[in-house]
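J.: Quick one, coords.tsv (TSV, C-alpha atoms and all ligand atoms):
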chain	number	residue	atom	x	y	z
H	1	MET	CA	-14.24	154.18	160.98
H	2	ASN	CA	-13.75	156.53	158.18
H	3	ILE	CA	-10.25	156.94	156.71
H	4	HIS	CA	-9.67	159.83	154.49
H	5	ASN	CA	-8.77	158.93	150.90
H	6	TYR	CA	-5.45	160.77	151.06
H	7	GLU	CA	-4.56	158.91	154.22
H	8	LYS	CA	-5.33	155.59	152.49
H	9	LEU	CA	-3.16	156.58	149.58
H	10	TRP	CA	-0.21	157.37	151.88
H	11	LEU	CA	-0.71	154.14	153.80
H	12	ILE	CA	-0.60	152.11	150.58
H	13	ALA	CA	2.42	154.07	149.32
H	14	ALA	CA	4.26	153.42	152.61
H	15	MET	CA	3.45	149.69	152.44
H	16	LEU	CA	4.67	149.47	148.83
H	17	LEU	CA	7.87	151.26	149.81
H	18	ILE	CA	8.51	148.76	152.62
H	19	ILE	CA	7.85	145.81	150.31
H	20	GLY	CA	10.15	147.44	147.74
H	21	PHE	CA	12.94	147.69	150.33
H	22	ILE	CA	12.59	144.04	151.26
H	23	VAL	CA	12.62	142.94	147.62
H	24	THR	CA	15.69	144.98	146.64
H	25	ILE	CA	17.66	143.93	149.73
H	26	THR	CA	16.80	140.26	149.15
H	27	TYR	CA	17.69	140.51	145.47
H	28	GLY	CA	20.94	142.31	146.24
H	29	SER	CA	22.08	139.76	148.80
H	30	VAL	CA	20.88	136.55	147.11
H	31	GLY	CA	19.96	137.21	143.49
H	32	LEU	CA	23.29	138.65	142.32
H	33	GLY	CA	25.29	135.78	143.77
H	34	ILE	CA	27.40	138.09	145.92
H	35	ALA	CA	28.94	136.14	148.77
H	36	MET	CA	30.80	137.38	151.80
H	37	ILE	CA	33.71	135.55	153.31
H	38	ASP	CA	31.98	133.39	155.83
H	39	ASP	CA	33.64	133.72	159.22
H	40	SER	CA	31.66	130.80	160.59
H	41	GLU	CA	33.74	128.50	158.43
H	42	GLU	CA	36.84	126.87	159.69
H	43	THR	CA	39.93	129.01	159.45
H	44	ILE	CA	43.26	127.83	158.12
H	45	ASP	CA	46.80	128.51	159.26
H	46	PRO	CA	48.18	131.26	156.98
H	47	ASN	CA	51.73	130.31	157.99
H	48	ALA	CA	51.42	126.70	156.85
H	49	LEU	CA	49.65	127.00	153.51
H	50	GLU	CA	52.00	124.49	151.90
H	51	ASP	CA	50.61	121.83	154.26
H	52	HIS	CA	47.00	122.67	153.43
H	53	GLU	CA	45.27	120.15	151.16
H	54	ARG	CA	44.14	122.90	148.79
H	55	PHE	CA	46.89	125.51	148.99
H	56	GLY	CA	49.69	122.96	149.11
H	57	ASP	CA	48.66	122.23	145.53
H	58	LEU	CA	48.28	125.57	143.78
H	59	GLY	CA	46.96	125.93	140.26
H	60	VAL	CA	44.22	124.56	138.02
H	61	HIS	CA	42.55	121.22	138.75
H	62	GLN	CA	39.71	119.63	136.82
H	63	THR	CA	36.77	118.57	138.98
H	64	GLY	CA	34.19	117.63	136.34
H	65	ASP	CA	33.19	118.07	132.73
H	66	GLY	CA	34.03	121.70	132.02
H	67	GLU	CA	34.49	122.35	135.75
H	68	TYR	CA	37.72	123.47	137.29
H	69	ASP	CA	39.05	124.54	140.68
H	70	VAL	CA	41.89	127.03	140.88
H	71	ASN	CA	43.86	127.34	144.11
H	72	ILE	CA	45.51	130.75	144.41
H	73	ARG	CA	47.80	132.38	146.93
H	74	ALA	CA	47.60	136.19	147.03
H	75	TYR	CA	50.66	137.59	148.77
H	76	GLN	CA	52.65	140.82	148.93
H	77	PHE	CA	52.70	141.66	145.97
H	78	ASN	CA	51.60	138.98	143.58
H	79	PHE	CA	49.21	136.16	142.74
H	80	GLU	CA	50.38	132.55	142.51
H	81	PRO	CA	49.37	131.45	139.96
H	82	GLY	CA	48.13	134.41	137.98
H	83	SER	CA	51.09	136.75	138.17
H	84	SER	CA	51.84	139.10	135.34
H	85	ALA	CA	53.94	141.44	137.41
H	86	LEU	CA	57.42	141.62	138.90
H	87	GLY	CA	58.86	139.77	135.91
H	88	VAL	CA	56.89	136.62	136.68
H	89	HIS	CA	54.51	135.62	133.87
H	90	ASP	CA	52.44	132.76	135.25
H	91	PRO	CA	48.88	133.23	133.99
H	92	ILE	CA	45.94	131.19	135.20
H	93	VAL	CA	44.97	129.22	132.09
H	94	VAL	CA	41.46	127.77	131.76
H	95	PRO	CA	39.46	126.60	128.74
H	96	GLU	CA	36.47	128.47	127.33
H	97	ASN	CA	32.96	127.25	128.17
H	98	SER	CA	34.11	126.33	131.64
H	99	GLU	CA	32.84	126.93	135.13
H	100	VAL	CA	35.78	127.88	137.29
H	101	THR	CA	35.76	128.06	141.07
H	102	LEU	CA	38.52	130.24	142.45
H	103	TYR	CA	39.82	129.57	145.98
H	104	VAL	CA	42.00	132.40	147.21
H	105	THR	CA	43.83	132.93	150.46
H	106	SER	CA	46.65	135.09	151.78
H	107	PRO	CA	49.68	134.24	153.90
H	108	ASP	CA	50.37	137.83	154.96
H	109	VAL	CA	47.93	140.77	154.88
H	110	ILE	CA	44.49	141.54	153.48
H	111	HIS	CA	44.36	141.67	149.68
H	112	SER	CA	41.59	141.47	147.16
H	113	PHE	CA	41.06	139.41	144.04
H	114	SER	CA	39.10	141.12	141.28
H	115	VAL	CA	38.58	139.76	137.80
H	116	VAL	CA	38.46	142.94	135.72
H	117	GLY	CA	35.29	143.29	133.63
H	118	THR	CA	33.28	140.75	135.64
H	119	ASN	CA	31.47	140.98	138.95
H	120	ALA	CA	33.97	138.56	140.50
H	121	ASN	CA	35.56	140.56	143.30
H	122	THR	CA	36.46	139.39	146.77
H	123	MET	CA	38.53	140.33	149.74
H	124	VAL	CA	41.32	137.92	150.58
H	125	VAL	CA	41.91	137.59	154.30
H	126	PRO	CA	44.75	135.63	155.94
H	127	GLY	CA	43.35	132.48	157.51
H	128	GLU	CA	40.17	132.54	155.44
H	129	ILE	CA	39.34	131.02	152.08
H	130	SER	CA	37.53	133.24	149.58
H	131	VAL	CA	35.50	131.26	147.06
H	132	MET	CA	34.08	132.55	143.78
H	133	THR	CA	32.62	130.72	140.80
H	134	VAL	CA	32.99	132.36	137.41
H	135	GLU	CA	31.80	131.16	134.01
H	136	PHE	CA	34.18	131.78	131.12
H	137	ASN	CA	32.38	131.45	127.80
H	138	GLU	CA	34.73	133.38	125.57
H	139	ALA	CA	38.39	132.80	124.73
H	140	ARG	CA	40.06	136.02	125.83
H	141	GLU	CA	42.27	137.49	128.50
H	142	TYR	CA	41.07	138.91	131.80
H	143	GLY	CA	43.09	141.04	134.14
H	144	ILE	CA	43.29	140.37	137.87
H	145	LEU	CA	43.77	143.21	140.33
H	146	CYS	CA	44.28	143.68	144.03
H	147	ASN	CA	41.86	146.39	145.13
H	148	GLU	CA	42.80	146.42	148.79
H	149	TYR	CA	45.75	148.57	149.85
H	150	CYS	CA	48.30	146.01	151.03
H	151	GLY	CA	51.63	147.84	151.22
H	152	SER	CA	54.29	149.57	149.14
H	153	GLY	CA	53.85	147.30	146.10
H	154	HIS	CA	50.05	147.31	146.05
H	155	HIS	CA	49.81	149.30	142.83
H	156	GLY	CA	51.79	146.63	140.98
H	157	MET	CA	49.85	143.64	142.28
H	158	GLU	CA	48.17	142.34	139.15
H	159	GLY	CA	47.74	139.21	137.13
H	160	VAL	CA	46.12	137.52	134.16
H	161	ILE	CA	43.54	134.82	133.49
H	162	GLU	CA	43.90	133.39	129.97
H	163	VAL	CA	40.78	131.70	128.64
H	164	VAL	CA	41.94	129.54	125.72
H	165	PRO	CA	39.96	127.54	123.12
H	166	GLU	CA	39.04	124.11	124.46
H	167	ASP	CA	41.30	122.20	122.07
H	168	GLU	CA	44.29	124.27	123.19
H	169	PHE	CA	43.78	123.48	126.84
H	170	HIS	CA	45.77	120.71	128.51
H	171	LEU	CA	46.70	119.75	132.03
H	172	PHE	CA	50.07	118.20	131.23
H	173	SER	CA	53.23	118.45	133.23
H	174	VAL	CA	56.64	116.86	132.91
H	175	ALA	CA	56.78	114.35	135.75
H	176	GLY	CA	60.37	113.34	135.20
H	177	VAL	CA	63.13	112.84	132.65
H	178	ASP	CA	65.53	109.95	132.51
H	179	ALA	CA	68.72	111.03	130.76
H	180	PRO	CA	72.34	109.90	131.04
H	181	GLU	CA	74.74	112.22	132.84
H	182	SER	CA	77.50	111.54	130.38
H	183	ALA	CA	77.97	109.96	127.00
H	184	GLN	CA	80.73	109.15	124.56
H	185	ALA	CA	80.85	111.64	121.72
H	186	GLY	CA	79.28	110.19	118.60
H	187	ASP	CA	77.16	107.67	120.49
H	188	GLU	CA	73.42	107.57	120.60
H	189	VAL	CA	71.76	108.66	123.84
H	190	GLU	CA	68.26	107.86	125.00
H	191	ILE	CA	66.23	110.45	126.84
H	192	THR	CA	62.92	109.30	128.29
H	193	ALA	CA	60.32	111.84	129.38
H	194	THR	CA	57.36	111.00	131.59
H	195	VAL	CA	54.30	113.22	131.26
H	196	ASP	CA	51.40	113.52	133.69
H	197	ASN	CA	47.90	114.27	132.44
H	198	ASP	CA	45.80	115.70	135.28
H	199	ALA	CA	42.70	116.13	133.11
H	200	LEU	CA	39.67	113.85	133.43
H	201	ASP	CA	39.96	112.90	129.75
H	202	ALA	CA	42.68	111.19	127.75
H	203	ASP	CA	44.70	113.72	125.78
H	204	SER	CA	47.48	113.71	123.28
H	205	ALA	CA	50.62	115.59	124.24
H	206	ALA	CA	53.22	117.16	122.01
H	207	VAL	CA	56.43	116.53	123.93
H	208	SER	CA	59.48	118.33	122.67
H	209	LEU	CA	63.13	117.83	123.41
H	210	GLU	CA	65.58	120.62	122.76
H	211	ILE	CA	69.13	119.36	122.72
H	212	GLY	CA	72.13	121.27	121.49
H	213	GLU	CA	70.73	123.24	118.59
H	214	GLU	CA	68.16	120.61	117.62
H	215	THR	CA	64.51	120.16	118.55
H	216	PHE	CA	62.69	116.84	118.42
H	217	GLU	CA	58.99	116.33	118.95
H	218	ASN	CA	57.10	113.19	119.97
H	219	GLU	CA	53.35	112.74	120.06
H	220	LEU	CA	52.26	110.96	123.22
H	221	GLU	CA	48.81	109.65	124.17
H	222	VAL	CA	48.19	109.98	127.92
H	223	ASP	CA	45.15	108.49	129.66
H	224	ALA	CA	43.00	110.51	132.02
H	225	GLU	CA	44.70	111.20	135.36
H	226	SER	CA	47.72	109.09	134.59
H	227	SER	CA	51.16	109.30	133.05
H	228	ALA	CA	52.96	107.96	130.02
H	229	SER	CA	56.51	107.98	128.75
H	230	THR	CA	58.18	108.62	125.45
H	231	THR	CA	61.80	108.05	124.50
H	232	PHE	CA	63.91	110.22	122.24
H	233	THR	CA	66.94	108.61	120.64
H	234	VAL	CA	69.53	111.21	119.75
H	235	ASP	CA	72.71	110.65	117.79
H	236	THR	CA	75.25	112.93	119.46
H	237	GLY	CA	77.41	112.61	116.34
H	238	ALA	CA	74.71	114.33	114.32
H	239	LEU	CA	74.41	117.24	116.71
H	240	ASP	CA	76.24	120.30	115.61
H	241	LEU	CA	78.67	120.55	118.49
H	242	GLU	CA	82.05	122.17	118.81
H	243	ASP	CA	84.56	120.41	121.06
H	244	ALA	CA	83.77	118.14	123.95
H	245	VAL	CA	81.12	120.01	125.86
H	246	ASP	CA	78.11	119.64	128.07
H	247	ILE	CA	75.05	119.28	125.88
H	248	ASP	CA	72.08	121.03	127.46
H	249	TRP	CA	68.64	119.55	127.02
H	250	THR	CA	65.14	120.74	127.88
H	251	VAL	CA	61.96	118.71	127.76
H	252	THR	CA	58.75	120.72	127.39
H	253	VAL	CA	55.13	119.69	127.12
H	254	GLU	CA	52.38	121.99	125.91
H	255	ASP	CA	50.16	123.02	128.79
H	256	GLY	CA	48.12	125.72	127.14
H	257	SER	CA	50.19	128.52	128.60
H	258	GLU	CA	53.29	130.31	127.45
H	259	ALA	CA	54.61	130.26	130.95
H	260	THR	CA	57.79	128.46	131.78
H	261	LEU	CA	56.18	126.72	134.68
H	262	GLU	CA	58.51	124.82	136.90
H	263	ASP	CA	56.57	121.62	136.24
H	264	GLY	CA	55.89	122.39	132.58
H	265	SER	CA	59.45	121.63	131.63
H	266	ALA	CA	62.58	119.95	132.87
H	267	SER	CA	66.17	120.40	131.86
H	268	GLY	CA	69.64	119.09	132.46
H	269	SER	CA	72.87	118.43	130.65
H	270	ILE	CA	74.93	115.53	129.38
H	271	ALA	CA	78.71	115.67	129.71
H	272	LEU	CA	80.15	114.61	126.39
H	273	GLU	CA	83.38	112.65	126.64
H	274	THR	CA	85.86	112.38	123.82
H	275	ASP	CA	88.55	109.70	123.47
H	276	ASP	CA	91.44	112.06	124.09
H	277	ASP	CA	90.46	113.26	127.55
H	278	GLU	CA	94.13	113.27	128.57
H	279	ASN	CA	94.80	116.41	126.56
H	280	ASP	CA	92.14	118.16	128.49
H	281	ASP	CA	93.85	121.14	130.06
H	282	THR	CA	90.68	122.89	131.07
H	283	THR	CA	90.30	120.97	134.32
H	284	ASP	CA	91.43	122.68	137.47
H	285	ASP	CA	94.18	121.72	139.94
H	286	ASP	CA	92.55	118.43	140.76
H	287	ASN	CA	94.73	116.12	138.66
H	288	ASP	CA	93.93	112.76	140.14
H	289	GLU	CA	90.59	112.25	138.53
H	290	SER	CA	89.60	108.64	138.92
H	291	ASP	CA	87.49	108.31	135.83
H	292	GLY	CA	89.72	109.72	133.11
H	293	GLY	CA	92.98	107.88	132.83
H	294	ASP	CA	92.42	104.16	132.37
H	295	GLN	CA	93.41	103.88	128.75
H	301	LIG	CU1	47.57	143.15	147.48
H	301	LIG	CU2	46.93	145.35	147.24
Rewrite the structure from the file as structure tokens, please.

T.:
Amino acid sequence: MNIHNYEKLWLIAAMLLIIGFIVTITYGSVGLGIAMIDDSEETIDPNALEDHERFGDLGVHQTGDGEYDVNIRAYQFNFEPGSSALGVHDPIVVPENSEVTLYVTSPDVIHSFSVVGTNANTMVVPGEISVMTVEFNEAREYGILCNEYCGSGHHGMEGVIEVVPEDEFHLFSVAGVDAPESAQAGDEVEITATVDNDALDADSAAVSLEIGEETFENELEVDAESSASTTFTVDTGALDLEDAVDIDWTVTVEDGSEATLEDGSASGSIALETDDDENDDTTDDDNDESDGGDQ
């Protein structure tokens, strides 16, 4: 059979076009690492995220050397953690040269989670977990945006990922503080802070105690995935205090972020008692205090 040369040419061109289609579609769906939320996976209860093993424990967790998981809740109209809006500054802090897998879900409506300037961009659907892995090789700040219209506050739904130098990154939190509730003015008080290190390496923590107008700092070595305690001994007589007052204290541990995370610090106060409590006319009508008058 004789095929005309032009016809051959068109046949070959058509074949090449088909092969081209297949190649570009395959590359686009596999090669770029773009993943869709997989609806064959198990769904989770968006109304009980606090009971979920992942979303009951939001934030950054180390899973390996330079590998981190971040569990994030995207809700109307913020990211937790990640928020830089609505007066809540709670950035996601990760070290540079890290591979970070972001797990995002929503308790309310459909949102999106886009890391500005990267190709990390996913829809966030209630009941589903969106997973993205991003490599951060440069210490800098990235914005996070919600690209999916989610209600009246959508335009303000934004956040921040802070990539910090490796030696500035820590996974410390204040696990607890043991401090007296009251003390005699002029006496020494002991305040013991316990610090958790959630990282997979031992790390040295700068623990600071702010009390009255003074700040004390203790260096504390904490093993990998464990806790350690340090005690501050404070002479209340040396604090610059006016009359008998409550002395406020705050214990903070560096965690790589500027955020005042709930678990990044702890605070309380010590009621300072003087010897002449009887003259105290600032108490209210309740005159039969049991602890004041035994002198
Ligand atoms: Cu959330 Cu738009």

J.: In Å to one decimal, how far is CA of Tyr103 in chain H from atom CU1 of ligand LIG 301 (chain H)?

T.: 15.7 Å

J.: Check which residues fall inside 12 Å of ligand LIG 301 (chain H) when counting all atoms listed in the file, and print them as a ChimeraX atom specification.

T.: /H:73-79,83,105-114,122-126,144-159

J.: Using all atoms listed in the file, determine which residues lie at most 6 Å from range 218-226 of chain H, disregarding the query and same-chain residues fewer than 6 positions distant; provide the list as a list in words.

T.: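 The neighbour list is Asp196, Asn197, Asp198, Ala199, Leu200, Asp201, Ala202, Asp203, Ser204, Ala205, Ala206 and Val207 of chain H.
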
J.: Show me, as a PyMOL selection string, the residues that have an atom within 9 Å of range 55-70 of chain H when counting all atoms listed in the file, minus same-chain residues fewer than 4 positions from it.

T.: chain H and resi 48-51+80-82+92-105+133+171+198-200

J.: Between H:Val160, H:Ala120, H:Val131, H:Val115, single out the one closest to Ser84 in chain H, counting only C-alpha atoms.

T.: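 Among the listed residues, the smallest separation from Ser84 in chain H belongs to H:Val160.
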
J.: How many Å lie between CA of Ile129 in chain H and CA of Thr26 in chain H, rounded to one decimal?

T.: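 So the answer is 24.5 Å.
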
J.: Could you tell me how far CA of Ser227 in chain H sits from CA of Asn71 in chain H, in Å to one decimal place?

T.: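 Going from CA of Asn71 in chain H over to CA of Ser227 in chain H covers 22.4 Å.
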